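Worksheet: one structure, shown below.
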Amino acid sequence: MLSSPSLPTTLESKEDAEHNKICQDYNHMITTLPKGNGWRVQHLYNYNGFWLDSSTLKTNILLNTYFKPQPSDIFLASFMKTGTTWFKALMFSTINRHNYTFSNHYLHHQSPQSTFPMIDSEDYPVNDFTHLPTPRLFATHFSPTLLPPCMTSCKFVYVCRDPKDVLISKWIYLSKLRSKDLAPLSLDEAFELFCNGISEYGPYWDHVLSYWKDSLVCPDKILFVTYEDMKKQPLVELRKLATFMGKGFTLEEVERGVVEEIVRLFSFENLSGLEVNRRGVEKFGKLVEVERREFFRKGEIGDWRNYLSEEMKDRIDGVFDEKLKGSGLVRSSRDGD
Ligand code: PAP
């Protein structure tokens, strides 16, 4: 009886020692990384080719140490502002369609963010996700090169969007979250940074290309979807998404209008109008709090036209077309041009 309490203490201190060592290594490493201008905070750091703020970088290192993926896990991977909130609602409601009625759905009372964890801002090793039902759903903005290598056995749904709409959505969103100690980031500055690849989780083209290349090698593991296709032909895209996740709609469900119902319930108009998404805040990690309504701005294809000149449009399209050249991937979405 007297000796047993010493065991947990020993284990605990071993974990603490490991955690402290990781934090020390991180504190040293960050001083050696190239720095760029941040959109929300002052600095971003180039870590293995991608720009991250310091706290996201630290979480990435902890994630790589502690996160234990399971082969049945399904990840929603996306660059910022490409439709994560919307796809969370679609994936969660499709996978769980037998657990909720459409007239009184979980998402009528809870935000899409609450449906499944965003692994980029979790508390490791405290959160281990072993309580989640199979298949576990997760979201991430990290490129595959920043994720644990064993995650290649999991499935990924990758969403991409016209870079011009991403730029505008991201600039407006991060300007609102930008530290009040910093001068505002003008659109011209954001545009320059974006075209040089410098923005949170960027360069956007390398993000898209890394998932695209992996999807060519493992098409059964990575489903490539565009925001624009989901907007234009949601019934087709949602059925593809369901099949990929191993939860294809039956003919009877299709005839009963289940696919239409999910598309309708989680349309921009419906989601953005729900009280739960108009009030309150969402927490990401310990430092970032975002008002839920900030995840629902316009939800349109081509809003960039209200912000970018023809010259800016040509420049950004040119940069992306050049970067994607030879990959077989066409910038999404030409008819939003
Ligand atoms: P995140 O990276 O912070 O998670 P994310 O959800 O990926 O943001 O993207 C937000 C964009 O999706 C917003 O685009 P906008 O600024 O151009 O308007 C948001 O309005 C849009 N969005 C949110 N919900 C929907 C929806 N149901 N349908 C279409 N677009 C949506």
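Residue numbers start at 1 in each chain; chains themselves are named A, B, ... in the order of the structure tokens; ligands are numbered from 1 in the order shown.
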Enumerate, in order of chain and increasing residue number, the residues of chain A with an atom no farther than 8 Å from ligand 1, each with its shortest atom pair and distance in Å to one decimal, counting only C-alpha atoms and all ligand atoms, as CSV.
```
residue,atom,partner,partner_atom_place_in_ligand_line,distance
A:Ser78,CA,ligand 1,7 (O),6.9
A:Phe79,CA,ligand 1,2 (O),6.5
A:Met80,CA,ligand 1,2 (O),3.3
A:Lys81,CA,ligand 1,9 (O),3.2
A:Thr82,CA,ligand 1,7 (O),4.2
A:Gly83,CA,ligand 1,7 (O),3.6
A:Thr84,CA,ligand 1,7 (O),3.5
A:Thr85,CA,ligand 1,6 (O),3.6
A:Trp86,CA,ligand 1,27 (N),4.4
A:Phe87,CA,ligand 1,27 (N),7.8
A:Ala89,CA,ligand 1,27 (N),7.9
A:His141,CA,ligand 1,2 (O),7.5
A:Asp165,CA,ligand 1,17 (O),5.9
A:Val166,CA,ligand 1,17 (O),6.9
A:Ile168,CA,ligand 1,16 (O),7.0
A:Ser169,CA,ligand 1,16 (O),3.8
A:Lys170,CA,ligand 1,16 (O),7.0
A:Ile172,CA,ligand 1,16 (O),7.3
A:Tyr173,CA,ligand 1,16 (O),7.2
A:Tyr227,CA,ligand 1,29 (C),7.6
A:Lys231,CA,ligand 1,29 (C),6.8
A:Phe266,CA,ligand 1,27 (N),5.3
A:Ser267,CA,ligand 1,27 (N),4.2
A:Phe268,CA,ligand 1,27 (N),3.4
A:Glu269,CA,ligand 1,27 (N),7.0
A:Asn270,CA,ligand 1,27 (N),7.4
A:Leu271,CA,ligand 1,27 (N),5.8
A:Ser272,CA,ligand 1,24 (N),6.9
A:Glu294,CA,ligand 1,20 (O),7.8
A:Phe295,CA,ligand 1,10 (C),5.1
A:Phe296,CA,ligand 1,20 (O),3.7
A:Arg297,CA,ligand 1,18 (O),3.8
A:Lys298,CA,ligand 1,18 (O),3.5
A:Gly299,CA,ligand 1,30 (N),3.6
A:Glu300,CA,ligand 1,17 (O),5.7
A:Ile301,CA,ligand 1,17 (O),7.3
A:Asp303,CA,ligand 1,17 (O),6.7
```
If you keep N, CA and C atoms, can you produce a file of those selected residues as a CSV table (one decimal), in the first residue's frame?
```
chain,number,residue,atom,x,y,z
A,78,SER,N,-7.5,20.9,-45.3
A,78,SER,CA,-7.8,22.1,-46.1
A,78,SER,C,-6.9,23.2,-45.8
A,79,PHE,N,-6.6,24.1,-46.7
A,79,PHE,CA,-5.9,25.3,-46.4
A,79,PHE,C,-7.0,26.2,-45.7
A,80,MET,N,-6.5,27.2,-45.0
A,80,MET,CA,-7.4,28.1,-44.3
A,80,MET,C,-8.4,28.8,-45.3
A,81,LYS,N,-9.6,28.9,-44.9
A,81,LYS,CA,-10.6,29.7,-45.7
A,81,LYS,C,-11.1,29.0,-47.0
A,82,THR,N,-10.9,27.7,-47.1
A,82,THR,CA,-11.3,27.0,-48.3
A,82,THR,C,-12.6,26.3,-48.1
A,83,GLY,N,-13.2,26.3,-46.9
A,83,GLY,CA,-14.5,25.7,-46.7
A,83,GLY,C,-14.6,24.7,-45.6
A,84,THR,N,-13.6,24.8,-44.6
A,84,THR,CA,-13.5,23.8,-43.5
A,84,THR,C,-14.8,23.7,-42.7
A,85,THR,N,-15.4,24.8,-42.4
A,85,THR,CA,-16.6,24.9,-41.5
A,85,THR,C,-17.7,24.1,-42.2
A,86,TRP,N,-17.9,24.4,-43.5
A,86,TRP,CA,-19.0,23.8,-44.3
A,86,TRP,C,-18.7,22.3,-44.4
A,87,PHE,N,-17.5,21.9,-44.8
A,87,PHE,CA,-17.2,20.5,-44.9
A,87,PHE,C,-17.3,19.7,-43.6
A,89,ALA,N,-19.5,20.3,-41.3
A,89,ALA,CA,-20.9,20.1,-41.2
A,89,ALA,C,-21.4,18.9,-42.1
A,141,HIS,N,-5.2,21.9,-41.0
A,141,HIS,CA,-4.8,22.8,-42.1
A,141,HIS,C,-3.3,22.4,-42.4
A,165,ASP,N,-10.2,34.0,-54.0
A,165,ASP,CA,-11.2,34.0,-52.9
A,165,ASP,C,-10.6,33.7,-51.6
A,166,VAL,N,-9.6,32.8,-51.6
A,166,VAL,CA,-8.9,32.4,-50.3
A,166,VAL,C,-8.2,33.6,-49.8
A,168,ILE,N,-8.8,36.8,-50.2
A,168,ILE,CA,-9.7,37.8,-49.7
A,168,ILE,C,-10.3,37.4,-48.4
A,169,SER,N,-10.8,36.1,-48.4
A,169,SER,CA,-11.4,35.6,-47.1
A,169,SER,C,-10.4,35.6,-46.0
A,170,LYS,N,-9.2,35.2,-46.3
A,170,LYS,CA,-8.2,35.0,-45.2
A,170,LYS,C,-7.7,36.4,-44.7
A,172,ILE,N,-9.5,39.2,-44.7
A,172,ILE,CA,-10.6,39.8,-43.9
A,172,ILE,C,-10.6,39.1,-42.5
A,173,TYR,N,-10.6,37.8,-42.6
A,173,TYR,CA,-10.7,37.1,-41.3
A,173,TYR,C,-9.5,37.4,-40.4
A,227,TYR,N,-14.2,23.6,-53.5
A,227,TYR,CA,-15.3,24.5,-52.9
A,227,TYR,C,-16.3,24.8,-54.0
A,231,LYS,N,-20.2,23.9,-54.4
A,231,LYS,CA,-21.3,24.9,-54.5
A,231,LYS,C,-22.1,24.7,-55.7
A,266,PHE,N,-27.3,22.4,-44.6
A,266,PHE,CA,-26.0,23.0,-44.3
A,266,PHE,C,-25.5,23.9,-45.4
A,267,SER,N,-26.4,24.4,-46.1
A,267,SER,CA,-26.1,25.5,-47.1
A,267,SER,C,-25.6,26.7,-46.3
A,268,PHE,N,-25.0,27.6,-47.0
A,268,PHE,CA,-24.5,28.9,-46.3
A,268,PHE,C,-25.7,29.6,-45.7
A,269,GLU,N,-26.8,29.7,-46.4
A,269,GLU,CA,-27.9,30.5,-45.9
A,269,GLU,C,-28.4,29.9,-44.6
A,270,ASN,N,-28.6,28.6,-44.6
A,270,ASN,CA,-29.1,27.9,-43.3
A,270,ASN,C,-28.1,28.0,-42.2
A,271,LEU,N,-26.9,27.5,-42.5
A,271,LEU,CA,-25.9,27.5,-41.4
A,271,LEU,C,-25.6,28.9,-40.8
A,272,SER,N,-25.5,29.8,-41.6
A,272,SER,CA,-25.1,31.2,-41.2
A,272,SER,C,-26.3,31.8,-40.4
A,294,GLU,N,-17.7,34.9,-37.6
A,294,GLU,CA,-16.6,35.2,-38.5
A,294,GLU,C,-16.4,34.0,-39.5
A,295,PHE,N,-16.9,32.8,-39.2
A,295,PHE,CA,-16.8,31.7,-40.1
A,295,PHE,C,-17.8,31.7,-41.3
A,296,PHE,N,-18.7,32.7,-41.2
A,296,PHE,CA,-19.7,32.8,-42.2
A,296,PHE,C,-19.7,34.2,-42.7
A,297,ARG,N,-19.1,34.5,-43.8
A,297,ARG,CA,-19.0,35.9,-44.3
A,297,ARG,C,-19.9,36.0,-45.5
A,298,LYS,N,-19.5,35.5,-46.7
A,298,LYS,CA,-20.4,35.6,-47.8
A,298,LYS,C,-20.7,34.3,-48.4
A,299,GLY,N,-19.7,33.4,-48.4
A,299,GLY,CA,-19.9,32.0,-48.9
A,299,GLY,C,-20.2,32.0,-50.4
A,300,GLU,N,-19.4,32.9,-51.1
A,300,GLU,CA,-19.7,33.0,-52.6
A,300,GLU,C,-18.4,32.6,-53.4
A,301,ILE,N,-18.7,32.3,-54.7
A,301,ILE,CA,-17.5,32.1,-55.6
A,301,ILE,C,-17.3,33.5,-56.2
A,303,ASP,N,-16.0,36.5,-55.0
A,303,ASP,CA,-16.1,37.7,-54.2
A,303,ASP,C,-14.8,38.6,-54.4
```
Contacts between segment 282-293 of chain A and segment 93-115 of chain A, please, where a residue of segment 93-115 of chain A counts if it comes within 9 Å (with only C-alpha atoms); show its shortest atom pair and distance in Å to one decimal, rows by chain and ascending number, as JSON lines.
```
{"residue": "A:Ser111", "atom": "CA", "partner": "A:Arg292", "partner_atom": "CA", "distance": 7.8}
{"residue": "A:Gln113", "atom": "CA", "partner": "A:Glu282", "partner_atom": "CA", "distance": 7.5}
{"residue": "A:Ser114", "atom": "CA", "partner": "A:Glu282", "partner_atom": "CA", "distance": 8.5}
```
May I have a table of the residues of segment 24-107 of chain A lying at most 6 Å from segment 129-137 of chain A, giving each one's closest pair of atoms and their distance in Å to one decimal, counting only C-alpha atoms, ordered by chain and ascending residue number, as a Markdown table?
```
| residue | atom | partner | partner_atom | distance |
| --- | --- | --- | --- | --- |
| A:Ser72 | CA | A:Pro135 | CA | 5.4 |
| A:Asp73 | CA | A:Arg136 | CA | 4.9 |
| A:Ile74 | CA | A:Leu137 | CA | 5.0 |
| A:Phe75 | CA | A:Leu137 | CA | 5.8 |
```
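Residues with any atom within 8 Å of Thr226 of chain A, counting only C-alpha atoms and excluding same-chain neighbours fewer than 5 positions away, are Val159, Cys160, Arg161 and Ser332 of chain A.
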Output N, CA, C and O atoms for every residue in that selection, as a JSON list (two decimals), in the first residue's frame.
```json
[["chain", "number", "residue", "atom", "x", "y", "z"],
["A", 159, "VAL", "N", -9.96, 19.76, -49.45],
["A", 159, "VAL", "CA", -10.77, 20.80, -50.11],
["A", 159, "VAL", "C", -9.87, 21.92, -50.57],
["A", 159, "VAL", "O", -9.08, 22.44, -49.77],
["A", 160, "CYS", "N", -10.00, 22.32, -51.82],
["A", 160, "CYS", "CA", -9.27, 23.52, -52.25],
["A", 160, "CYS", "C", -10.24, 24.51, -52.89],
["A", 160, "CYS", "O", -11.39, 24.17, -53.19],
["A", 161, "ARG", "N", -9.76, 25.73, -53.06],
["A", 161, "ARG", "CA", -10.63, 26.82, -53.49],
["A", 161, "ARG", "C", -9.81, 27.80, -54.31],
["A", 161, "ARG", "O", -8.56, 27.88, -54.14],
["A", 332, "SER", "N", -8.41, 25.94, -59.22],
["A", 332, "SER", "CA", -9.86, 25.99, -59.08],
["A", 332, "SER", "C", -10.25, 27.45, -58.83],
["A", 332, "SER", "O", -9.59, 28.12, -58.04]]
```
Please run DSSP on the backbone and report, as a ChimeraX atom specification, all residues within segment 181-292 of chain A that come out as strand (DSSP E).
/A:222-226,281-284,288-291
Would you mind exporting N, CA and C atoms of the selected residues as a short mmCIF file (atom, residue, chain, number, x, y, z; two decimals), in the first residue's frame?
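Below you can see part12.cif, which holds the result:
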```
data_model
loop_
_atom_site.label_atom_id
_atom_site.label_comp_id
_atom_site.auth_asym_id
_atom_site.auth_seq_id
_atom_site.Cartn_x
_atom_site.Cartn_y
_atom_site.Cartn_z
N ILE A 222 -7.03 9.59 -50.69
CA ILE A 222 -7.22 11.05 -50.69
C ILE A 222 -8.26 11.44 -51.73
N LEU A 223 -9.32 12.06 -51.27
CA LEU A 223 -10.35 12.58 -52.18
C LEU A 223 -10.13 14.07 -52.33
N PHE A 224 -9.95 14.50 -53.56
CA PHE A 224 -9.69 15.90 -53.87
C PHE A 224 -11.01 16.56 -54.26
N VAL A 225 -11.44 17.55 -53.53
CA VAL A 225 -12.73 18.21 -53.79
C VAL A 225 -12.49 19.71 -53.89
N THR A 226 -13.29 20.41 -54.68
CA THR A 226 -13.15 21.86 -54.68
C THR A 226 -14.42 22.50 -54.09
N VAL A 281 -18.41 32.32 -29.06
CA VAL A 281 -17.05 32.25 -29.60
C VAL A 281 -16.59 30.80 -29.67
N GLU A 282 -15.61 30.60 -30.53
CA GLU A 282 -14.97 29.29 -30.68
C GLU A 282 -13.55 29.45 -30.19
N LYS A 283 -13.06 28.46 -29.41
CA LYS A 283 -11.69 28.56 -28.91
C LYS A 283 -10.79 27.63 -29.70
N PHE A 284 -9.62 28.12 -30.07
CA PHE A 284 -8.62 27.28 -30.72
C PHE A 284 -7.37 27.33 -29.87
N VAL A 288 -6.33 31.51 -28.91
CA VAL A 288 -7.14 32.14 -29.95
C VAL A 288 -8.63 31.90 -29.71
N GLU A 289 -9.38 33.01 -29.69
CA GLU A 289 -10.84 32.95 -29.58
C GLU A 289 -11.43 33.67 -30.78
N VAL A 290 -12.37 33.05 -31.43
CA VAL A 290 -12.95 33.65 -32.63
C VAL A 290 -14.46 33.69 -32.51
N GLU A 291 -15.07 34.82 -32.84
CA GLU A 291 -16.53 34.88 -32.82
C GLU A 291 -17.06 33.98 -33.94
#
```
